[in-house]
$ cat upload07.cif   # mmCIF, C-alpha atoms
data_upload
loop_
_atom_site.group_PDB
_atom_site.id
_atom_site.type_symbol
_atom_site.label_atom_id
_atom_site.label_comp_id
_atom_site.auth_asym_id
_atom_site.auth_seq_id
_atom_site.Cartn_x
_atom_site.Cartn_y
_atom_site.Cartn_z
ATOM 1 C CA MET A 1 -4.213 -57.222 0.261
ATOM 2 C CA PRO A 2 -5.813 -57.596 3.704
ATOM 3 C CA VAL A 3 -6.373 -54.651 6.036
ATOM 4 C CA ASN A 4 -3.121 -53.744 7.768
ATOM 5 C CA PRO A 5 -3.534 -54.464 11.527
ATOM 6 C CA GLU A 6 -0.807 -51.887 12.255
ATOM 7 C CA LEU A 7 -3.309 -49.171 11.327
ATOM 8 C CA GLN A 8 -4.721 -49.485 14.837
ATOM 9 C CA GLY A 9 -3.839 -46.401 16.848
ATOM 10 C CA ARG A 10 -2.671 -44.386 13.855
ATOM 11 C CA VAL A 11 -3.474 -40.667 14.023
ATOM 12 C CA PHE A 12 -3.744 -38.741 10.761
ATOM 13 C CA PRO A 13 -2.869 -35.087 10.191
ATOM 14 C CA PRO A 14 -5.768 -32.635 10.704
ATOM 15 C CA THR A 15 -7.820 -31.880 7.594
ATOM 16 C CA GLU A 16 -7.789 -28.470 5.917
ATOM 17 C CA PRO A 17 -10.138 -26.025 7.692
ATOM 18 C CA TYR A 18 -13.731 -26.357 6.442
ATOM 19 C CA LEU A 19 -15.844 -23.182 6.515
ATOM 20 C CA VAL A 20 -19.465 -24.183 7.129
ATOM 21 C CA GLY A 21 -21.693 -22.266 4.729
ATOM 22 C CA ARG A 22 -25.274 -21.249 5.440
ATOM 23 C CA GLU A 23 -26.450 -22.501 2.053
ATOM 24 C CA LYS A 24 -24.591 -25.810 2.568
ATOM 25 C CA ILE A 25 -26.525 -26.352 5.791
ATOM 26 C CA ARG A 26 -29.780 -25.543 3.991
ATOM 27 C CA GLU A 27 -28.901 -27.863 1.090
ATOM 28 C CA PHE A 28 -27.974 -30.714 3.440
ATOM 29 C CA SER A 29 -31.107 -30.095 5.506
ATOM 30 C CA ARG A 30 -33.322 -30.406 2.412
ATOM 31 C CA ALA A 31 -31.523 -33.630 1.453
ATOM 32 C CA VAL A 32 -32.269 -35.288 4.836
ATOM 33 C CA PHE A 33 -35.860 -33.999 4.996
ATOM 34 C CA ALA A 34 -35.022 -31.631 7.868
ATOM 35 C CA THR A 35 -37.734 -28.991 7.979
ATOM 36 C CA ASN A 36 -37.050 -27.452 11.396
ATOM 37 C CA PRO A 37 -36.825 -23.638 11.017
ATOM 38 C CA ILE A 38 -33.565 -23.609 13.028
ATOM 39 C CA ASN A 39 -31.955 -25.510 10.110
ATOM 40 C CA HIS A 40 -33.119 -22.998 7.504
ATOM 41 C CA ASP A 41 -34.104 -19.637 8.902
ATOM 42 C CA VAL A 42 -31.475 -17.312 10.388
ATOM 43 C CA ALA A 43 -34.055 -15.406 12.452
ATOM 44 C CA ALA A 44 -35.418 -18.644 13.958
ATOM 45 C CA ALA A 45 -31.869 -19.851 14.710
ATOM 46 C CA ARG A 46 -30.989 -16.521 16.392
ATOM 47 C CA ALA A 47 -34.210 -16.600 18.398
ATOM 48 C CA ALA A 48 -33.100 -20.023 19.681
ATOM 49 C CA GLY A 49 -29.746 -18.572 20.740
ATOM 50 C CA TYR A 50 -27.517 -19.566 17.797
ATOM 51 C CA ALA A 51 -25.350 -17.258 15.704
ATOM 52 C CA ASP A 52 -26.724 -18.688 12.439
ATOM 53 C CA VAL A 53 -28.545 -21.720 11.009
ATOM 54 C CA VAL A 54 -27.740 -25.048 12.686
ATOM 55 C CA GLY A 55 -26.701 -28.255 10.886
ATOM 56 C CA PRO A 56 -28.826 -31.397 11.239
ATOM 57 C CA PRO A 57 -27.433 -34.022 13.670
ATOM 58 C CA THR A 58 -25.699 -35.915 10.835
ATOM 59 C CA PHE A 59 -24.192 -32.857 9.111
ATOM 60 C CA ALA A 60 -20.724 -33.707 10.484
ATOM 61 C CA ILE A 61 -20.490 -36.461 7.847
ATOM 62 C CA VAL A 62 -19.587 -33.670 5.388
ATOM 63 C CA ILE A 63 -16.538 -32.801 7.523
ATOM 64 C CA GLN A 64 -15.735 -36.424 8.360
ATOM 65 C CA GLU A 65 -15.691 -37.377 4.680
ATOM 66 C CA ALA A 66 -12.227 -35.815 4.183
ATOM 67 C CA THR A 67 -10.805 -38.007 6.948
ATOM 68 C CA LEU A 68 -12.263 -41.188 5.468
ATOM 69 C CA ALA A 69 -10.652 -40.194 2.160
ATOM 70 C CA GLN A 70 -7.308 -39.952 4.012
ATOM 71 C CA LEU A 71 -7.801 -43.455 5.378
ATOM 72 C CA LEU A 72 -8.692 -44.983 2.006
ATOM 73 C CA ALA A 73 -5.728 -43.221 0.353
ATOM 74 C CA GLU A 74 -3.219 -44.428 2.970
ATOM 75 C CA PRO A 75 -0.770 -46.513 0.907
ATOM 76 C CA ASP A 76 -0.256 -49.311 3.455
ATOM 77 C CA ALA A 77 -3.869 -49.462 4.752
ATOM 78 C CA GLY A 78 -4.992 -52.251 2.444
ATOM 79 C CA ILE A 79 -8.559 -50.937 2.338
ATOM 80 C CA ASP A 80 -10.171 -51.530 -1.046
ATOM 81 C CA PHE A 81 -13.042 -49.019 -1.326
ATOM 82 C CA SER A 82 -15.136 -51.365 -3.472
ATOM 83 C CA ARG A 83 -15.133 -53.880 -0.591
ATOM 84 C CA VAL A 84 -16.095 -51.440 2.139
ATOM 85 C CA VAL A 85 -19.529 -51.637 3.764
ATOM 86 C CA HIS A 86 -20.625 -48.988 6.258
ATOM 87 C CA GLY A 87 -21.445 -50.982 9.395
ATOM 88 C CA GLU A 88 -22.195 -48.399 12.063
ATOM 89 C CA GLN A 89 -22.137 -44.641 12.548
ATOM 90 C CA ARG A 90 -22.201 -42.356 15.565
ATOM 91 C CA PHE A 91 -22.083 -38.613 16.201
ATOM 92 C CA SER A 92 -21.285 -37.365 19.706
ATOM 93 C CA HIS A 93 -21.759 -33.615 19.976
ATOM 94 C CA SER A 94 -20.322 -31.126 22.443
ATOM 95 C CA ARG A 95 -22.344 -28.530 20.561
ATOM 96 C CA PRO A 96 -24.172 -28.433 17.224
ATOM 97 C CA ILE A 97 -22.468 -27.241 14.022
ATOM 98 C CA VAL A 98 -23.495 -23.680 13.096
ATOM 99 C CA ALA A 99 -23.002 -21.798 9.816
ATOM 100 C CA GLY A 100 -19.834 -19.744 10.037
ATOM 101 C CA ASP A 101 -17.897 -22.406 11.966
ATOM 102 C CA THR A 102 -14.405 -23.213 10.703
ATOM 103 C CA LEU A 103 -13.820 -26.867 11.472
ATOM 104 C CA THR A 104 -10.934 -29.298 11.231
ATOM 105 C CA ALA A 105 -11.099 -33.036 11.748
ATOM 106 C CA THR A 106 -8.453 -35.402 13.046
ATOM 107 C CA LEU A 107 -8.829 -39.097 12.348
ATOM 108 C CA THR A 108 -7.683 -41.799 14.727
ATOM 109 C CA VAL A 109 -8.009 -45.445 13.795
ATOM 110 C CA ALA A 110 -9.389 -46.618 17.118
ATOM 111 C CA SER A 111 -9.335 -50.308 16.275
ATOM 112 C CA VAL A 112 -8.820 -52.898 13.573
ATOM 113 C CA LYS A 113 -10.438 -56.260 14.229
ATOM 114 C CA THR A 114 -10.367 -59.315 12.037
ATOM 115 C CA LEU A 115 -13.487 -61.491 11.858
ATOM 116 C CA GLY A 116 -12.845 -64.446 9.583
ATOM 117 C CA ALA A 117 -12.108 -63.058 6.123
ATOM 118 C CA ASN A 118 -13.513 -59.639 7.030
ATOM 119 C CA ALA A 119 -11.964 -56.765 8.921
ATOM 120 C CA MET A 120 -13.742 -54.161 11.035
ATOM 121 C CA VAL A 121 -12.096 -50.760 11.149
ATOM 122 C CA THR A 122 -13.265 -48.177 13.692
ATOM 123 C CA ALA A 123 -12.471 -44.688 12.382
ATOM 124 C CA GLU A 124 -12.916 -41.889 14.910
ATOM 125 C CA SER A 125 -12.821 -38.317 13.593
ATOM 126 C CA SER A 126 -12.642 -35.573 16.190
ATOM 127 C CA VAL A 127 -13.942 -32.252 14.873
ATOM 128 C CA VAL A 128 -12.829 -29.006 16.535
ATOM 129 C CA ASP A 129 -13.536 -25.342 15.821
ATOM 130 C CA ASP A 130 -10.983 -22.587 15.185
ATOM 131 C CA THR A 131 -10.479 -22.080 18.929
ATOM 132 C CA GLY A 132 -9.583 -25.764 19.255
ATOM 133 C CA ALA A 133 -12.794 -26.541 21.171
ATOM 134 C CA HIS A 134 -14.399 -29.921 20.526
ATOM 135 C CA VAL A 135 -17.597 -29.799 18.463
ATOM 136 C CA VAL A 136 -18.365 -33.405 17.531
ATOM 137 C CA THR A 137 -16.759 -36.803 17.219
ATOM 138 C CA ALA A 138 -17.907 -38.801 14.217
ATOM 139 C CA THR A 139 -17.233 -42.515 14.445
ATOM 140 C CA SER A 140 -17.624 -44.964 11.587
ATOM 141 C CA ILE A 141 -17.270 -48.701 11.721
ATOM 142 C CA LEU A 142 -16.258 -49.899 8.275
ATOM 143 C CA VAL A 143 -16.533 -53.553 7.383
ATOM 144 C CA VAL A 144 -13.960 -54.524 4.767
ATOM 145 C CA ARG A 145 -14.960 -57.745 3.069
ATOM 146 C CA GLY A 146 -12.107 -60.168 2.433
ATOM 147 C CA ASP A 147 -11.654 -62.536 -0.508
ATOM 148 C CA GLU A 148 -14.461 -65.061 -0.729
ATOM 149 C CA MET B 1 -40.987 -32.915 28.785
ATOM 150 C CA ILE B 2 -42.746 -33.420 32.140
ATOM 151 C CA GLY B 3 -44.651 -36.667 32.328
ATOM 152 C CA LEU B 4 -42.391 -38.551 29.944
ATOM 153 C CA THR B 5 -42.390 -42.311 30.560
ATOM 154 C CA VAL B 6 -40.198 -45.092 29.191
ATOM 155 C CA GLY B 7 -42.045 -46.729 26.304
ATOM 156 C CA ASP B 8 -43.888 -43.571 25.230
ATOM 157 C CA VAL B 9 -43.994 -43.009 21.475
ATOM 158 C CA VAL B 10 -42.794 -39.416 21.068
ATOM 159 C CA ALA B 11 -42.742 -39.174 17.278
ATOM 160 C CA GLU B 12 -43.684 -41.055 14.132
ATOM 161 C CA ALA B 13 -43.029 -40.299 10.479
ATOM 162 C CA GLU B 14 -43.115 -41.794 7.005
ATOM 163 C CA VAL B 15 -40.774 -40.601 4.284
ATOM 164 C CA GLN B 16 -41.152 -41.502 0.631
ATOM 165 C CA LEU B 17 -37.735 -41.857 -1.039
ATOM 166 C CA SER B 18 -37.243 -41.672 -4.784
ATOM 167 C CA ARG B 19 -34.155 -41.844 -6.964
ATOM 168 C CA ASP B 20 -34.291 -38.044 -6.960
ATOM 169 C CA SER B 21 -33.838 -38.106 -3.166
ATOM 170 C CA LEU B 22 -30.655 -40.149 -3.601
ATOM 171 C CA VAL B 23 -29.194 -37.805 -6.204
ATOM 172 C CA ARG B 24 -30.021 -34.837 -3.973
ATOM 173 C CA TYR B 25 -28.333 -36.503 -0.978
ATOM 174 C CA ALA B 26 -25.294 -37.430 -3.097
ATOM 175 C CA GLY B 27 -24.848 -33.783 -4.040
ATOM 176 C CA ALA B 28 -25.440 -32.437 -0.549
ATOM 177 C CA SER B 29 -23.166 -34.925 1.201
ATOM 178 C CA GLY B 30 -20.474 -35.432 -1.433
ATOM 179 C CA ASP B 31 -20.987 -39.211 -1.440
ATOM 180 C CA PHE B 32 -21.062 -40.024 -5.162
ATOM 181 C CA ASN B 33 -20.725 -43.800 -4.879
ATOM 182 C CA PRO B 34 -22.540 -44.931 -8.072
ATOM 183 C CA ILE B 35 -24.335 -47.811 -6.291
ATOM 184 C CA HIS B 36 -26.671 -45.036 -5.129
ATOM 185 C CA TYR B 37 -27.769 -44.026 -8.642
ATOM 186 C CA ARG B 38 -26.747 -46.675 -11.221
ATOM 187 C CA ASP B 39 -28.481 -50.053 -11.335
ATOM 188 C CA ASP B 40 -25.850 -51.552 -13.652
ATOM 189 C CA ILE B 41 -23.029 -50.767 -11.203
ATOM 190 C CA ALA B 42 -25.085 -51.847 -8.180
ATOM 191 C CA ARG B 43 -25.756 -55.202 -9.885
ATOM 192 C CA SER B 44 -22.099 -55.606 -10.923
ATOM 193 C CA VAL B 45 -21.125 -55.673 -7.225
ATOM 194 C CA GLY B 46 -23.813 -58.204 -6.367
ATOM 195 C CA LEU B 47 -26.582 -55.900 -5.165
ATOM 196 C CA PRO B 48 -30.186 -56.296 -6.334
ATOM 197 C CA GLY B 49 -30.285 -52.646 -7.443
ATOM 198 C CA VAL B 50 -29.730 -49.050 -6.394
ATOM 199 C CA LEU B 51 -29.596 -48.518 -2.615
ATOM 200 C CA ALA B 52 -30.217 -45.447 -0.484
ATOM 201 C CA HIS B 53 -27.114 -44.076 1.223
ATOM 202 C CA GLY B 54 -27.094 -45.471 4.765
ATOM 203 C CA MET B 55 -26.333 -41.930 5.881
ATOM 204 C CA LEU B 56 -29.490 -40.670 4.159
ATOM 205 C CA THR B 57 -31.615 -43.159 6.106
ATOM 206 C CA MET B 58 -29.786 -42.204 9.306
ATOM 207 C CA GLY B 59 -30.169 -38.511 8.538
ATOM 208 C CA LEU B 60 -33.892 -38.563 7.868
ATOM 209 C CA ALA B 61 -34.760 -40.970 10.702
ATOM 210 C CA VAL B 62 -33.664 -38.500 13.382
ATOM 211 C CA GLN B 63 -35.789 -35.628 12.061
ATOM 212 C CA PRO B 64 -39.073 -36.505 13.795
ATOM 213 C CA VAL B 65 -37.116 -36.493 17.077
ATOM 214 C CA VAL B 66 -35.552 -33.096 16.254
ATOM 215 C CA ASP B 67 -39.043 -31.701 15.725
ATOM 216 C CA TRP B 68 -40.294 -33.297 18.943
ATOM 217 C CA ALA B 69 -37.333 -31.848 20.864
ATOM 218 C CA GLY B 70 -37.873 -28.519 19.088
ATOM 219 C CA ASP B 71 -34.214 -27.800 18.361
ATOM 220 C CA PRO B 72 -31.513 -29.754 16.461
ATOM 221 C CA GLY B 73 -29.041 -28.618 19.136
ATOM 222 C CA ARG B 74 -30.763 -30.862 21.678
ATOM 223 C CA ILE B 75 -29.485 -33.974 19.883
ATOM 224 C CA LEU B 76 -26.373 -34.785 21.917
ATOM 225 C CA ASP B 77 -25.510 -38.198 20.521
ATOM 226 C CA TYR B 78 -26.910 -40.319 17.712
ATOM 227 C CA GLN B 79 -25.824 -43.781 16.668
ATOM 228 C CA VAL B 80 -27.100 -46.471 14.320
ATOM 229 C CA ARG B 81 -26.125 -49.839 12.929
ATOM 230 C CA PHE B 82 -26.840 -50.391 9.226
ATOM 231 C CA THR B 83 -28.509 -53.782 9.303
ATOM 232 C CA ARG B 84 -30.307 -53.998 5.969
ATOM 233 C CA PRO B 85 -29.880 -52.050 2.727
ATOM 234 C CA VAL B 86 -32.784 -49.883 1.522
ATOM 235 C CA LEU B 87 -33.534 -50.686 -2.107
ATOM 236 C CA VAL B 88 -34.978 -47.732 -3.965
ATOM 237 C CA ASP B 89 -36.965 -48.788 -7.009
ATOM 238 C CA ALA B 90 -36.721 -46.456 -10.032
ATOM 239 C CA VAL B 91 -40.505 -46.205 -10.263
ATOM 240 C CA ASP B 92 -41.894 -46.998 -6.822
ATOM 241 C CA GLY B 93 -39.053 -45.678 -4.663
ATOM 242 C CA ALA B 94 -39.109 -46.814 -1.036
ATOM 243 C CA ARG B 95 -41.172 -45.793 1.971
ATOM 244 C CA VAL B 96 -39.251 -45.415 5.227
ATOM 245 C CA VAL B 97 -41.296 -45.645 8.436
ATOM 246 C CA VAL B 98 -39.867 -44.227 11.673
ATOM 247 C CA VAL B 99 -41.233 -44.762 15.189
ATOM 248 C CA ALA B 100 -39.432 -43.043 18.082
ATOM 249 C CA LYS B 101 -39.920 -44.271 21.656
ATOM 250 C CA VAL B 102 -38.466 -43.324 25.002
ATOM 251 C CA GLY B 103 -35.890 -46.026 25.797
ATOM 252 C CA GLN B 104 -34.439 -44.602 28.999
ATOM 253 C CA LEU B 105 -34.778 -41.488 31.141
ATOM 254 C CA ASP B 106 -32.028 -39.874 33.152
ATOM 255 C CA THR B 107 -33.960 -37.258 35.105
ATOM 256 C CA GLU B 108 -30.880 -36.044 36.976
ATOM 257 C CA ALA B 109 -28.868 -35.314 33.823
ATOM 258 C CA GLN B 110 -32.108 -34.348 32.017
ATOM 259 C CA ILE B 111 -31.321 -36.622 29.102
ATOM 260 C CA ALA B 112 -33.740 -38.988 27.369
ATOM 261 C CA ARG B 113 -32.577 -41.899 25.275
ATOM 262 C CA ILE B 114 -34.916 -42.201 22.324
ATOM 263 C CA ASP B 115 -34.896 -45.513 20.470
ATOM 264 C CA LEU B 116 -35.873 -45.575 16.815
ATOM 265 C CA THR B 117 -37.544 -48.363 14.913
ATOM 266 C CA VAL B 118 -36.891 -47.769 11.229
ATOM 267 C CA THR B 119 -38.526 -50.085 8.714
ATOM 268 C CA VAL B 120 -39.077 -50.425 4.987
ATOM 269 C CA ALA B 121 -41.841 -52.788 3.858
ATOM 270 C CA GLY B 122 -42.080 -54.126 7.399
ATOM 271 C CA GLU B 123 -38.380 -54.990 7.716
ATOM 272 C CA THR B 124 -35.995 -53.246 10.096
ATOM 273 C CA VAL B 125 -33.220 -51.374 8.279
ATOM 274 C CA LEU B 126 -31.403 -49.686 11.184
ATOM 275 C CA GLY B 127 -30.346 -51.498 14.351
ATOM 276 C CA LYS B 128 -29.451 -50.048 17.747
ATOM 277 C CA ALA B 129 -30.698 -46.656 16.534
ATOM 278 C CA GLN B 130 -30.401 -44.536 19.658
ATOM 279 C CA ILE B 131 -30.519 -40.805 20.236
ATOM 280 C CA ARG B 132 -29.515 -39.017 23.415
ATOM 281 C CA VAL B 133 -31.650 -35.898 23.672
ATOM 282 C CA SER B 134 -31.314 -33.039 26.146
ATOM 283 C CA ILE B 135 -34.660 -32.465 27.851
ATOM 284 C CA ALA B 136 -33.321 -29.662 30.044
ATOM 285 C CA GLU B 137 -35.456 -26.523 30.359
ATOM 286 C CA PRO B 138 -34.244 -24.190 29.022
ATOM 287 C CA ARG B 139 -31.755 -25.596 26.500
ATOM 288 C CA PRO B 140 -28.207 -25.892 27.933
ATOM 289 C CA ALA B 141 -26.113 -22.797 27.303
ATOM 290 C CA GLU B 142 -24.210 -22.801 24.045
ATOM 291 C CA PRO B 143 -20.593 -21.773 23.832
ATOM 292 C CA ASP B 144 -20.234 -18.302 22.350
ATOM 293 C CA VAL B 145 -20.521 -18.942 18.624
ATOM 294 C CA ALA B 146 -21.166 -15.350 17.546
#
$ encode --input "upload07.cif" --output "structure tokens"
Amino acid sequence: MPVNPELQGRVFPPTEPYLVGREKIREFSRAVFATNPINHDVAAARAAGYADVVGPPTFAIVIQEATLAQLLAEPDAGIDFSRVVHGEQRFSHSRPIVAGDTLTATLTVASVKTLGANAMVTAESSVVDDTGAHVVTATSILVVRGDE
Amino acid sequence: MIGLTVGDVVAEAEVQLSRDSLVRYAGASGDFNPIHYRDDIARSVGLPGVLAHGMLTMGLAVQPVVDWAGDPGRILDYQVRFTRPVLVDAVDGARVVVVAKVGQLDTEAQIARIDLTVTVAGETVLGKAQIRVSIAEPRPAEPDVA
């Protein structure tokens, strides 16, 4: 089944609130070789003006993941996970993610483009905090390979 | 940040990846796609072997710039294109080399665009890898997160 072009413009329901844990930020930081004290040490983060340790610039992928799962599970999307290649990624921050944040993400399918047998899906997940203020937008371009 | 010029190399780093790094990233990120830890499955979908998560390469490549900027909160925007997969050999792993240069300076907005060159064995693995970094002194005020 090819990717459904009618996905373009579709807005998904917000994800369940995600409480950002201090140890999760430390674990993710170790995994991406982030050694900056502001990622690990509460005192260093507070000295820099943050309430708690700060997530690395790509930490939002952990929050975005739930929205990509929504997209792949959408019954009429026609996106076969085994054919998906991650083409591009972007994070645009209004502010960094800090331990203690409660975040929800809302996915919009910004575009669906067909290129020969392949389709390019631009998935834009807007992440807000519990006051509704924008934190980061995570955008993925997924290339869905068609039948050879 | 005074005296910054377009073309300046602001940071360089080399990171040795092993299969352990991939398992660690899988756990931390929640991306358990088996092409990142099982050769048999990677080969069954036409790959030469186990690959690093693109998001791991993206995540580690920005770190030298975070350390240069002094604060992860100065990274305003970060984008990459995944142009070539990073094969991680079970024994030898893979060595990722990052060079970060000033691509553009907006002195009015106090934002530098830092362009990354990210290579493995001499071949570029990330394209259009660009970071917008706040170079304001002091750091722009944060919303009240307490």
$ closest_residue --input "upload07.cif" --among "A:Ile63, A:Ala48, A:Thr35, A:Asp80" --to "Ser126 in chain A" --atoms "all atoms listed in the file"
A:Ile63
$ atom_distance --input "upload07.cif" --atom1 "CA of Val98 in chain B" --atom2 "CA of Gly87 in chain A"
19.8 Å
$ interface_residues --input "upload07.cif" --of "chain A" --to "chain B" --cutoff "7 Å" --atoms "only C-alpha atoms" --output "PyMOL selection string"
chain A and resi 27-28+31-34+36+38+51+56-58+62+87-93+95-96
$ resolve_selection --input "upload07.cif" --expression "the PyMOL selection byres ((chain A and resi 15) around 12)" --output "ChimeraX atom specification"
/A:11-14,16-19,63-71,102-107,125-129
$ axis_aligned_box --input "upload07.cif" --around "range 97-112 of chain B" --padding-each-side "4 Å" --output "AutoDock Vina command-line options"
--center_x -35.1 --center_y -40.2 --center_z 22.7 --size_x 20.4 --size_y 19.7 --size_z 36.5
$ closest_residue --input "upload07.cif" --among "B:Pro34, B:Val86, B:Leu4, B:Gly103" --to "Thr124 in chain B" --atoms "all atoms listed in the file"
B:Val86
$ atom_distance --input "upload07.cif" --atom1 "CA of Val88 in chain B" --atom2 "CA of Ile61 in chain A"
21.8 Å
$ atom_distance --input "upload07.cif" --atom1 "CA of Ser29 in chain A" --atom2 "CA of Gly55 in chain A"
7.2 Å
$ residues_around --input "upload07.cif" --residues "Leu47 in chain B" --least-positions-apart "5" --cutoff "10 Å" --atoms "all atoms listed in the file" --output "mmCIF file with C-alpha atoms, in the coordinates of the input"
data_model
loop_
_atom_site.group_PDB
_atom_site.id
_atom_site.type_symbol
_atom_site.label_atom_id
_atom_site.label_comp_id
_atom_site.auth_asym_id
_atom_site.auth_seq_id
_atom_site.Cartn_x
_atom_site.Cartn_y
_atom_site.Cartn_z
ATOM 1 C CA ILE B 35 -24.335 -47.811 -6.291
ATOM 2 C CA ASP B 39 -28.481 -50.053 -11.335
ATOM 3 C CA ASP B 40 -25.850 -51.552 -13.652
ATOM 4 C CA ILE B 41 -23.029 -50.767 -11.203
ATOM 5 C CA ALA B 42 -25.085 -51.847 -8.180
ATOM 6 C CA PRO B 85 -29.880 -52.050 2.727
ATOM 7 C CA LEU B 87 -33.534 -50.686 -2.107
#
$ closest_residue --input "upload07.cif" --among "A:Thr131, A:Asn39, A:Thr137, A:Asn4" --to "Asn118 in chain A" --atoms "all atoms listed in the file"
A:Asn4
$ resolve_selection --input "upload07.cif" --expression "the PyMOL selection byres ((chain A and resi 141) around 7)" --output "mmCIF file with C-alpha atoms, in the frame of the given file"
data_model
loop_
_atom_site.group_PDB
_atom_site.id
_atom_site.type_symbol
_atom_site.label_atom_id
_atom_site.label_comp_id
_atom_site.auth_asym_id
_atom_site.auth_seq_id
_atom_site.Cartn_x
_atom_site.Cartn_y
_atom_site.Cartn_z
ATOM 1 C CA HIS A 86 -20.625 -48.988 6.258
ATOM 2 C CA GLY A 87 -21.445 -50.982 9.395
ATOM 3 C CA GLU A 88 -22.195 -48.399 12.063
ATOM 4 C CA GLN A 89 -22.137 -44.641 12.548
ATOM 5 C CA MET A 120 -13.742 -54.161 11.035
ATOM 6 C CA VAL A 121 -12.096 -50.760 11.149
ATOM 7 C CA THR A 122 -13.265 -48.177 13.692
ATOM 8 C CA ALA A 123 -12.471 -44.688 12.382
ATOM 9 C CA THR A 139 -17.233 -42.515 14.445
ATOM 10 C CA SER A 140 -17.624 -44.964 11.587
ATOM 11 C CA LEU A 142 -16.258 -49.899 8.275
ATOM 12 C CA VAL A 143 -16.533 -53.553 7.383
#
$ resolve_selection --input "upload07.cif" --expression "the PyMOL selection byres ((chain B and resi 11) around 7)" --output "list in words"
Val9, Val10, Glu12, Ala13, Pro64, Val65, Trp68, Val99 and Ala100 of chain B
$ closest_residue --input "upload07.cif" --among "A:Ser94, A:Val136, A:Thr108, A:Pro37" --to "Glu124 in chain A" --atoms "all atoms listed in the file"
A:Thr108
$ closest_residue --input "upload07.cif" --among "A:Pro75, A:Gly9, A:Gly21, A:Pro2" --to "Ala110 in chain A" --atoms "all atoms listed in the file"
A:Gly9
